[in-house]
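**Student:** The file below is protein-v9.cif, mmCIF, C-alpha atoms:
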data_upload
loop_
_atom_site.label_atom_id
_atom_site.label_comp_id
_atom_site.auth_asym_id
_atom_site.auth_seq_id
_atom_site.Cartn_x
_atom_site.Cartn_y
_atom_site.Cartn_z
CA MET A 427 -108.70 45.86 -281.50
CA THR A 428 -112.11 47.51 -281.61
CA LYS A 429 -111.83 51.30 -281.80
CA GLN A 430 -115.35 52.20 -280.61
CA ILE A 431 -117.98 50.57 -278.41
CA ALA A 432 -121.22 52.16 -277.14
CA GLY A 433 -120.16 55.49 -278.61
CA ILE A 434 -116.85 55.49 -276.68
CA SER A 435 -113.73 55.68 -278.84
CA VAL A 436 -110.30 54.32 -277.99
CA PRO A 437 -107.69 57.10 -278.28
CA ASP A 438 -105.64 56.72 -281.46
CA SER A 439 -102.62 58.81 -280.51
CA ARG A 440 -99.10 57.44 -280.78
CA LEU A 441 -98.88 57.45 -276.98
CA ALA A 442 -102.07 55.38 -276.61
CA ARG A 443 -100.98 52.92 -279.31
CA GLU A 444 -97.60 52.37 -277.66
CA ALA A 445 -99.25 51.93 -274.27
CA THR A 446 -101.57 49.32 -275.76
CA GLU A 447 -98.63 47.40 -277.22
CA GLN A 448 -96.67 47.51 -273.97
CA VAL A 449 -99.58 46.29 -271.87
CA ARG A 450 -100.60 43.63 -274.38
CA ASP A 451 -97.06 42.24 -274.30
CA CYS A 452 -97.13 41.62 -270.54
CA GLU A 453 -100.77 40.86 -269.68
CA SER A 454 -102.88 37.80 -270.28
CA GLN A 455 -105.91 38.21 -272.53
CA LEU A 456 -108.03 38.10 -269.36
CA LEU A 457 -106.32 41.11 -267.80
CA PHE A 458 -105.98 42.98 -271.08
CA ASP A 459 -109.71 42.71 -271.79
CA HIS A 460 -110.51 43.76 -268.22
CA SER A 461 -108.32 46.85 -268.65
CA LEU A 462 -110.13 47.79 -271.84
CA ARG A 463 -113.50 47.38 -270.14
CA VAL A 464 -112.35 49.62 -267.29
CA TYR A 465 -111.72 52.34 -269.87
CA PHE A 466 -115.10 51.87 -271.57
CA PHE A 467 -117.07 51.61 -268.33
CA GLY A 468 -115.25 54.56 -266.74
CA SER A 469 -115.93 56.63 -269.85
CA LEU A 470 -119.62 55.68 -269.81
CA ARG A 471 -119.98 56.81 -266.20
CA GLY A 472 -118.15 60.06 -266.90
CA ARG A 473 -120.24 60.73 -269.98
CA GLN A 474 -123.48 60.08 -268.11
CA ARG A 475 -122.48 62.61 -265.45
CA GLY A 476 -121.64 65.21 -268.07
CA TRP A 477 -118.00 65.33 -267.03
CA VAL A 478 -115.38 66.68 -269.41
CA PHE A 479 -112.23 64.60 -269.06
CA ASP A 480 -109.06 63.71 -270.94
CA SER A 481 -109.85 60.37 -272.63
CA GLU A 482 -106.20 59.66 -273.34
CA LEU A 483 -105.15 59.96 -269.70
CA LEU A 484 -108.13 57.85 -268.62
CA TYR A 485 -107.13 55.23 -271.19
CA LEU A 486 -103.55 55.18 -269.92
CA GLY A 487 -104.69 54.77 -266.33
CA ALA A 488 -107.08 51.99 -267.27
CA MET A 489 -104.56 50.11 -269.39
CA PHE A 490 -101.77 50.18 -266.79
CA HIS A 491 -103.90 49.74 -263.67
CA ASP A 492 -103.30 45.98 -263.33
CA VAL A 493 -99.83 45.52 -264.83
CA GLY A 494 -98.54 45.18 -261.27
CA LEU A 495 -100.15 41.73 -261.30
CA THR A 496 -97.81 40.59 -264.07
CA GLU A 497 -94.43 38.96 -263.69
CA LYS A 498 -92.74 41.78 -265.59
CA TYR A 499 -93.81 44.57 -263.26
CA ARG A 500 -94.60 42.97 -259.92
CA SER A 501 -92.13 43.72 -257.14
CA LEU A 502 -91.31 41.87 -253.94
CA HIS A 503 -92.33 44.59 -251.52
CA ASP A 504 -94.91 47.00 -252.98
CA ARG A 505 -98.64 46.56 -253.51
CA PHE A 506 -99.55 45.61 -257.06
CA GLU A 507 -101.36 48.94 -257.41
CA VAL A 508 -98.11 50.80 -256.71
CA ASP A 509 -96.17 48.54 -259.07
CA GLY A 510 -98.65 49.37 -261.82
CA ALA A 511 -98.53 53.09 -261.03
CA ASN A 512 -94.73 53.06 -261.14
CA ALA A 513 -94.76 51.25 -264.49
CA ALA A 514 -97.07 53.90 -265.91
CA ARG A 515 -94.87 56.68 -264.50
CA GLU A 516 -91.80 55.19 -266.16
CA PHE A 517 -93.62 54.81 -269.49
CA LEU A 518 -95.00 58.34 -269.46
CA GLY A 519 -91.68 59.79 -268.33
CA ARG A 520 -89.98 58.29 -271.38
CA HIS A 521 -92.48 60.15 -273.54
CA GLU A 522 -91.80 63.45 -271.77
CA ILE A 523 -95.38 63.85 -270.56
CA ALA A 524 -96.02 66.72 -268.14
CA GLU A 525 -95.34 65.79 -264.51
CA SER A 526 -98.83 66.93 -263.50
CA ALA A 527 -100.39 64.45 -265.95
CA ILE A 528 -98.08 61.68 -264.76
CA ASP A 529 -99.12 62.35 -261.17
CA LEU A 530 -102.79 62.04 -262.12
CA VAL A 531 -102.25 58.70 -263.83
CA TRP A 532 -100.14 57.48 -260.90
CA ASP A 533 -102.87 58.37 -258.41
CA ALA A 534 -105.58 56.80 -260.57
CA ILE A 535 -103.74 53.48 -260.62
CA ALA A 536 -102.45 53.46 -257.05
CA LEU A 537 -105.90 54.24 -255.61
CA HIS A 538 -108.10 52.07 -257.82
CA THR A 539 -108.78 49.48 -255.09
CA THR A 540 -109.19 52.05 -252.32
CA PRO A 541 -112.90 52.55 -251.59
CA ASP A 542 -114.33 56.08 -251.74
CA ILE A 543 -111.08 58.12 -251.82
CA PRO A 544 -110.72 58.30 -255.65
CA TRP A 545 -114.13 59.98 -255.91
CA HIS A 546 -112.69 62.95 -254.01
CA LYS A 547 -109.75 63.31 -256.42
CA ARG A 548 -109.54 64.63 -259.98
CA LEU A 549 -111.95 63.23 -262.61
CA LYS A 550 -109.37 60.97 -264.25
CA VAL A 551 -108.58 59.38 -260.90
CA ALA A 552 -112.24 58.87 -260.09
CA LEU A 553 -113.10 57.39 -263.48
CA VAL A 554 -110.47 54.65 -263.40
CA THR A 555 -112.01 53.49 -260.12
CA ALA A 556 -115.48 53.94 -261.62
CA GLY A 557 -114.55 51.57 -264.43
CA VAL A 558 -113.05 49.02 -262.05
CA GLU A 559 -116.12 49.16 -259.80
CA MET A 560 -118.41 48.62 -262.77
CA ASP A 561 -116.48 45.69 -264.22
CA VAL A 562 -115.61 43.89 -260.97
CA LEU A 563 -118.45 44.86 -258.65
CA GLY A 564 -121.25 45.78 -261.01
CA LEU A 565 -121.54 49.21 -259.37
CA GLY A 566 -122.82 52.13 -261.41
CA PHE A 567 -125.09 50.34 -263.86
CA ALA A 568 -128.13 52.19 -262.58
CA GLU A 569 -126.67 55.54 -263.57
CA VAL A 570 -125.93 54.83 -267.24
CA SER A 571 -128.08 53.96 -270.25
CA GLU A 572 -129.26 50.39 -269.86
CA ASP A 573 -128.01 49.27 -273.26
CA SER A 574 -124.52 50.81 -273.06
CA PRO A 575 -122.89 48.48 -270.50
CA LYS A 576 -124.61 45.52 -272.15
CA THR A 577 -123.05 46.52 -275.46
CA VAL A 578 -119.60 46.56 -273.85
CA ALA A 579 -120.17 43.27 -272.04
CA ALA A 580 -121.52 41.56 -275.15
CA HIS A 581 -118.49 42.65 -277.16
CA PHE A 582 -116.19 40.92 -274.68
CA GLY A 583 -118.45 37.87 -274.36
CA ILE A 584 -119.17 38.40 -270.65
CA LEU A 585 -122.82 39.44 -270.72
CA THR A 586 -124.02 36.39 -268.75
CA LEU A 587 -121.15 36.72 -266.28
CA LEU A 588 -121.83 40.40 -265.77
CA THR A 589 -125.52 39.76 -265.18
CA ARG A 590 -124.73 37.23 -262.45
CA ARG A 591 -122.22 39.62 -260.89
CA CYS A 592 -124.77 42.46 -260.79
CA ARG A 593 -127.24 40.28 -258.91
CA ARG A 594 -124.62 39.89 -256.19
CA THR A 595 -123.60 43.55 -256.12
CA LEU A 596 -125.43 44.78 -253.01
CA LYS A 597 -124.36 41.94 -250.76
CA SER A 598 -120.81 41.59 -252.08
CA ALA A 599 -120.03 45.28 -252.42
CA ALA A 600 -121.46 46.08 -248.98
CA SER A 601 -119.15 43.53 -247.38
CA ILE A 602 -116.07 45.30 -248.67
CA TYR A 603 -117.18 48.93 -248.88
CA CYS A 604 -118.88 49.05 -245.51
CA ALA A 605 -116.45 46.95 -243.49
CA PRO A 606 -113.11 46.72 -245.29
CA SER A 607 -111.21 45.91 -242.10
CA THR A 608 -113.09 42.63 -241.67
CA MET A 609 -112.12 41.66 -245.20
CA SER A 610 -108.43 42.56 -244.68
CA TRP A 611 -108.65 44.69 -247.80
CA THR A 612 -105.28 46.28 -247.09
CA SER A 613 -103.46 42.95 -247.38
CA PRO A 614 -102.78 41.18 -250.70
CA GLN A 615 -104.21 37.94 -249.29
CA GLY A 616 -107.39 39.66 -248.16
CA ARG A 617 -107.93 41.29 -251.55
CA GLY A 618 -107.22 37.99 -253.29
CA ASP A 619 -109.74 36.13 -251.12
CA TRP A 620 -112.42 38.70 -251.87
CA TYR A 621 -111.70 38.81 -255.61
CA ALA A 622 -111.97 35.02 -255.59
CA SER A 623 -115.70 35.39 -254.97
CA PHE A 624 -116.03 36.48 -258.62
CA ASP A 625 -115.93 34.07 -261.53
CA TYR A 626 -112.76 35.25 -263.24
CA ALA A 627 -110.87 36.15 -260.08
CA PRO A 628 -109.00 32.83 -259.59
CA LYS A 629 -107.27 33.48 -262.92
CA VAL A 630 -106.27 36.94 -261.71
CA ARG A 631 -104.87 35.46 -258.53
CA ALA A 632 -102.98 32.86 -260.53
CA ALA A 633 -101.36 35.66 -262.54
CA ARG A 634 -99.76 36.88 -259.34
CA GLY A 635 -97.96 33.55 -258.80
#
Please express the file's structure as structure tokens.
**Tutor:**
Amino acid sequence: MTKQIAGISVPDSRLAREATEQVRDCESQLLFDHSLRVYFFGSLRGRQRGWVFDSELLYLGAMFHDVGLTEKYRSLHDRFEVDGANAAREFLGRHEIAESAIDLVWDAIALHTTPDIPWHKRLKVALVTAGVEMDVLGLGFAEVSEDSPKTVAAHFGILTLLTRRCRRTLKSAASIYCAPSTMSWTSPQGRGDWYASFDYAPKVRAARG
């Protein structure tokens, strides 16, 4: 796995390496690559804003944020965001990480599909959502160096896809961020229907079974 892209380094701690192995074992290549991009894009947006943040905790939040979509971690009753947050909590608890840090990672994952709220939380919470917004919606490209997101996208072979997605950003993002109730964003079916408007989304929906 690449250790650095666009000047952003992947944490090389034992905790980060074990998290990578655990997530890789349960996610498809599609979801795994998306999780990595969330880390890189979130880091780019934080760096551009001059924010000082814990890269390891951001990495953990990014890597676990979609494991609730997988057969191993998905539950019958909770939202996939909560399933992913609970999986991260269990993993971090085994490693005796401070409860305050665990709570931050839990919030970052549980809130990553909730418009606006993460930006009013701690930096690590906001930056997981920032990475998701950039990769799925194309939001935030205007605030970072033009070449940086292209470098990330090119590494993962999605530069053309990302360019198409960015052209649809204003119309698509406005439909969900301005009127989430009409899109039934709070229901799994509503989120799935909206994600299906993006090229790789049907594969994500299929992962849910």
**Student:** Hey, can you check how far CA of Asp480 in chain A sits from CA of Arg450 in chain A?
**Tutor:**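 That distance, rounded to one decimal, is 22.1 Å.
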**Student:** Figure out the distance between CA of Gly494 in chain A and CA of Phe458 in chain A, please, to one decimal in Å.
**Tutor:**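 Separation between CA of Phe458 in chain A and CA of Gly494 in chain A: 12.5 Å.
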**Student:** Looking at all atoms listed in the file, which of A:Glu453, A:Arg520, A:Ala432, A:Gly487 is the one that sits closest to Arg500 in chain A?
**Tutor:**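 Closest to Arg500 in chain A, using all atoms listed in the file: A:Glu453.
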**Student:** Report, in Å with one decimal, the straight-line distance from CA of Ile535 in chain A to CA of Gly433 in chain A.
**Tutor:** 24.4 Å
**Student:** For the file shown, report as JSON, numbers by chain the outcome of the PyMOL selection byres ((chain A and resi 493) around 12) at residue level.
**Tutor:** {"A": [445, 446, 448, 449, 450, 451, 452, 453, 454, 456, 457, 458, 460, 461, 486, 487, 488, 489, 490, 491, 492, 494, 495, 496, 497, 498, 499, 500, 501, 505, 506, 507, 508, 509, 510, 511, 512, 513, 514, 535, 536, 630, 633, 634]}
**Student:** Would you write out those residues with C-alpha atoms, as a PDB file, in the frame of the given file?
**Tutor:**
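Output file selection15.pdb follows:
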ATOM      1  CA  ALA A 445     -99.250  51.930-274.270  1.00  0.00           C
ATOM      2  CA  THR A 446    -101.570  49.320-275.760  1.00  0.00           C
ATOM      3  CA  GLN A 448     -96.670  47.510-273.970  1.00  0.00           C
ATOM      4  CA  VAL A 449     -99.580  46.290-271.870  1.00  0.00           C
ATOM      5  CA  ARG A 450    -100.600  43.630-274.380  1.00  0.00           C
ATOM      6  CA  ASP A 451     -97.060  42.240-274.300  1.00  0.00           C
ATOM      7  CA  CYS A 452     -97.130  41.620-270.540  1.00  0.00           C
ATOM      8  CA  GLU A 453    -100.770  40.860-269.680  1.00  0.00           C
ATOM      9  CA  SER A 454    -102.880  37.800-270.280  1.00  0.00           C
ATOM     10  CA  LEU A 456    -108.030  38.100-269.360  1.00  0.00           C
ATOM     11  CA  LEU A 457    -106.320  41.110-267.800  1.00  0.00           C
ATOM     12  CA  PHE A 458    -105.980  42.980-271.080  1.00  0.00           C
ATOM     13  CA  HIS A 460    -110.510  43.760-268.220  1.00  0.00           C
ATOM     14  CA  SER A 461    -108.320  46.850-268.650  1.00  0.00           C
ATOM     15  CA  LEU A 486    -103.550  55.180-269.920  1.00  0.00           C
ATOM     16  CA  GLY A 487    -104.690  54.770-266.330  1.00  0.00           C
ATOM     17  CA  ALA A 488    -107.080  51.990-267.270  1.00  0.00           C
ATOM     18  CA  MET A 489    -104.560  50.110-269.390  1.00  0.00           C
ATOM     19  CA  PHE A 490    -101.770  50.180-266.790  1.00  0.00           C
ATOM     20  CA  HIS A 491    -103.900  49.740-263.670  1.00  0.00           C
ATOM     21  CA  ASP A 492    -103.300  45.980-263.330  1.00  0.00           C
ATOM     22  CA  GLY A 494     -98.540  45.180-261.270  1.00  0.00           C
ATOM     23  CA  LEU A 495    -100.150  41.730-261.300  1.00  0.00           C
ATOM     24  CA  THR A 496     -97.810  40.590-264.070  1.00  0.00           C
ATOM     25  CA  GLU A 497     -94.430  38.960-263.690  1.00  0.00           C
ATOM     26  CA  LYS A 498     -92.740  41.780-265.590  1.00  0.00           C
ATOM     27  CA  TYR A 499     -93.810  44.570-263.260  1.00  0.00           C
ATOM     28  CA  ARG A 500     -94.600  42.970-259.920  1.00  0.00           C
ATOM     29  CA  SER A 501     -92.130  43.720-257.140  1.00  0.00           C
ATOM     30  CA  ARG A 505     -98.640  46.560-253.510  1.00  0.00           C
ATOM     31  CA  PHE A 506     -99.550  45.610-257.060  1.00  0.00           C
ATOM     32  CA  GLU A 507    -101.360  48.940-257.410  1.00  0.00           C
ATOM     33  CA  VAL A 508     -98.110  50.800-256.710  1.00  0.00           C
ATOM     34  CA  ASP A 509     -96.170  48.540-259.070  1.00  0.00           C
ATOM     35  CA  GLY A 510     -98.650  49.370-261.820  1.00  0.00           C
ATOM     36  CA  ALA A 511     -98.530  53.090-261.030  1.00  0.00           C
ATOM     37  CA  ASN A 512     -94.730  53.060-261.140  1.00  0.00           C
ATOM     38  CA  ALA A 513     -94.760  51.250-264.490  1.00  0.00           C
ATOM     39  CA  ALA A 514     -97.070  53.900-265.910  1.00  0.00           C
ATOM     40  CA  ILE A 535    -103.740  53.480-260.620  1.00  0.00           C
ATOM     41  CA  ALA A 536    -102.450  53.460-257.050  1.00  0.00           C
ATOM     42  CA  VAL A 630    -106.270  36.940-261.710  1.00  0.00           C
ATOM     43  CA  ALA A 633    -101.360  35.660-262.540  1.00  0.00           C
ATOM     44  CA  ARG A 634     -99.760  36.880-259.340  1.00  0.00           C
TER      45      ARG A 634
END
